[in-house]
Amino acid sequence: MYSVNILSQFMHTPRKPHWDAALRVLRYLKNNPGLGLLFSSNSSLQLKAYCDANWANCPMTRRSTSGYCIFLGDFLISWKTRKQKTASQSSAEAEYRSMAFATCELTWLRYLFTDLQVHLKPVTLFCDNQAAIHIASNPVYHEPDVFTKAVGGNVFKTLISKLHMFDIHAPT
């Protein structure tokens, strides 16, 4: 999957090394014709997703690559890898974008299974970056809100205190 992702970035201007890599992928596929996915009828109906990001790994654009794989029980049903659309400023940001990328696919799959009248157990998303997990799981972590939207008085006071802003005219 990773090799095909990298090769697809050079489809418009391929060179000899890209051709050699494509032939290597084809040789792998030719030598493994029986490799495939097997689904059991007694599988658990729980979606599990694993996501990861490779921060700023593109040497030309410094953009990160996101990837995920989604399992229904123990069986792989969806996977994708793609270069992120913007350059992330930290590994936590790249991982957070990867989590969002996987969550979109999970949401679509839940709607699909609901339409098929298949009742799933709660979804689990696995990520290996503690900072990204903290950002995703902390409903109070909204410091930029004060810059981007109107918030209530108490929330506004809390957010500006997190920015270490103080009223110099307030009584002490």
# chains A, B, ... in the order shown; residues from 1 in each chain; ligands from 1
call {"tool": "select_by_dssp", "arguments": {"residues": "segment 15-153 of chain A", "states": "helix (DSSP H, G or I)", "output": "PyMOL selection string"}}
result
chain A and resi 16-31+91-115+130-137+145-148+153
call {"tool": "residues_around", "arguments": {"residues": "Ser88 of chain A", "least_positions_apart": "4", "cutoff": "8 Å", "atoms": "only C-alpha atoms", "output": "number ranges by chain"}}
result
A: 55-56, 63-64, 93-94
call {"tool": "write_last_selection", "arguments": {"atoms": "all heavy atoms", "output": "CSV table (one decimal), in the first residue's frame"}}
result
chain,number,residue,atom,x,y,z
A,55,TRP,N,5.2,12.4,10.2
A,55,TRP,CA,5.3,13.9,10.2
A,55,TRP,C,6.4,14.4,9.3
A,55,TRP,O,7.5,14.0,9.3
A,55,TRP,CB,5.6,14.3,11.7
A,55,TRP,CG,5.7,15.8,11.8
A,55,TRP,CD1,4.9,16.8,11.3
A,55,TRP,CD2,6.7,16.6,12.5
A,55,TRP,NE1,5.3,18.0,11.6
A,55,TRP,CE2,6.5,17.9,12.3
A,55,TRP,CE3,7.9,16.2,13.2
A,55,TRP,CZ2,7.2,18.9,12.9
A,55,TRP,CZ3,8.7,17.2,13.7
A,55,TRP,CH2,8.3,18.5,13.6
A,56,ALA,N,5.9,15.3,8.4
A,56,ALA,CA,6.8,16.0,7.5
A,56,ALA,C,7.7,15.1,6.7
A,56,ALA,O,8.9,15.5,6.5
A,56,ALA,CB,7.6,17.1,8.2
A,63,ARG,N,5.1,17.9,3.8
A,63,ARG,CA,3.8,17.5,4.3
A,63,ARG,C,3.9,16.1,4.9
A,63,ARG,O,4.7,15.3,4.5
A,63,ARG,CB,2.7,17.6,3.2
A,63,ARG,CG,2.4,19.0,2.8
A,63,ARG,CD,1.3,19.1,1.9
A,63,ARG,NE,1.6,18.6,0.6
A,63,ARG,CZ,0.7,18.4,-0.4
A,63,ARG,NH1,-0.5,18.5,-0.2
A,63,ARG,NH2,1.1,17.9,-1.5
A,64,SER,N,3.0,15.8,5.8
A,64,SER,CA,2.9,14.5,6.4
A,64,SER,C,2.1,13.6,5.7
A,64,SER,O,1.2,14.0,4.8
A,64,SER,CB,2.3,14.7,7.8
A,64,SER,OG,3.0,15.7,8.6
A,93,GLU,N,0.1,17.5,15.7
A,93,GLU,CA,-0.9,18.0,14.7
A,93,GLU,C,-1.1,17.0,13.6
A,93,GLU,O,-2.2,16.7,13.1
A,93,GLU,CB,-0.4,19.3,14.2
A,93,GLU,CG,-1.4,20.0,13.2
A,93,GLU,CD,-0.9,21.3,12.6
A,93,GLU,OE1,0.0,21.9,13.2
A,93,GLU,OE2,-1.5,21.7,11.6
A,94,ALA,N,0.0,16.4,13.1
A,94,ALA,CA,0.0,15.4,12.0
A,94,ALA,C,-0.9,14.2,12.5
A,94,ALA,O,-1.7,13.7,11.7
A,94,ALA,CB,1.4,15.0,11.6
call {"tool": "residues_around", "arguments": {"residues": "segment 67-74 of chain A", "least_positions_apart": "3", "cutoff": "6 Å", "atoms": "only C-alpha atoms", "output": "PyMOL selection string"}}
result
chain A and resi 43-52+77-81+102
call {"tool": "closest_residue", "arguments": {"among": "A:Trp108, A:Trp19, A:Phe101, A:Tyr96", "to": "Arg82 of chain A", "atoms": "only C-alpha atoms"}}
result
A:Phe101
call {"tool": "atom_distance", "arguments": {"atom1": "atom CA of Asp128 of chain A", "atom2": "atom CA of Ser91 of chain A"}}
result
10.9 Å
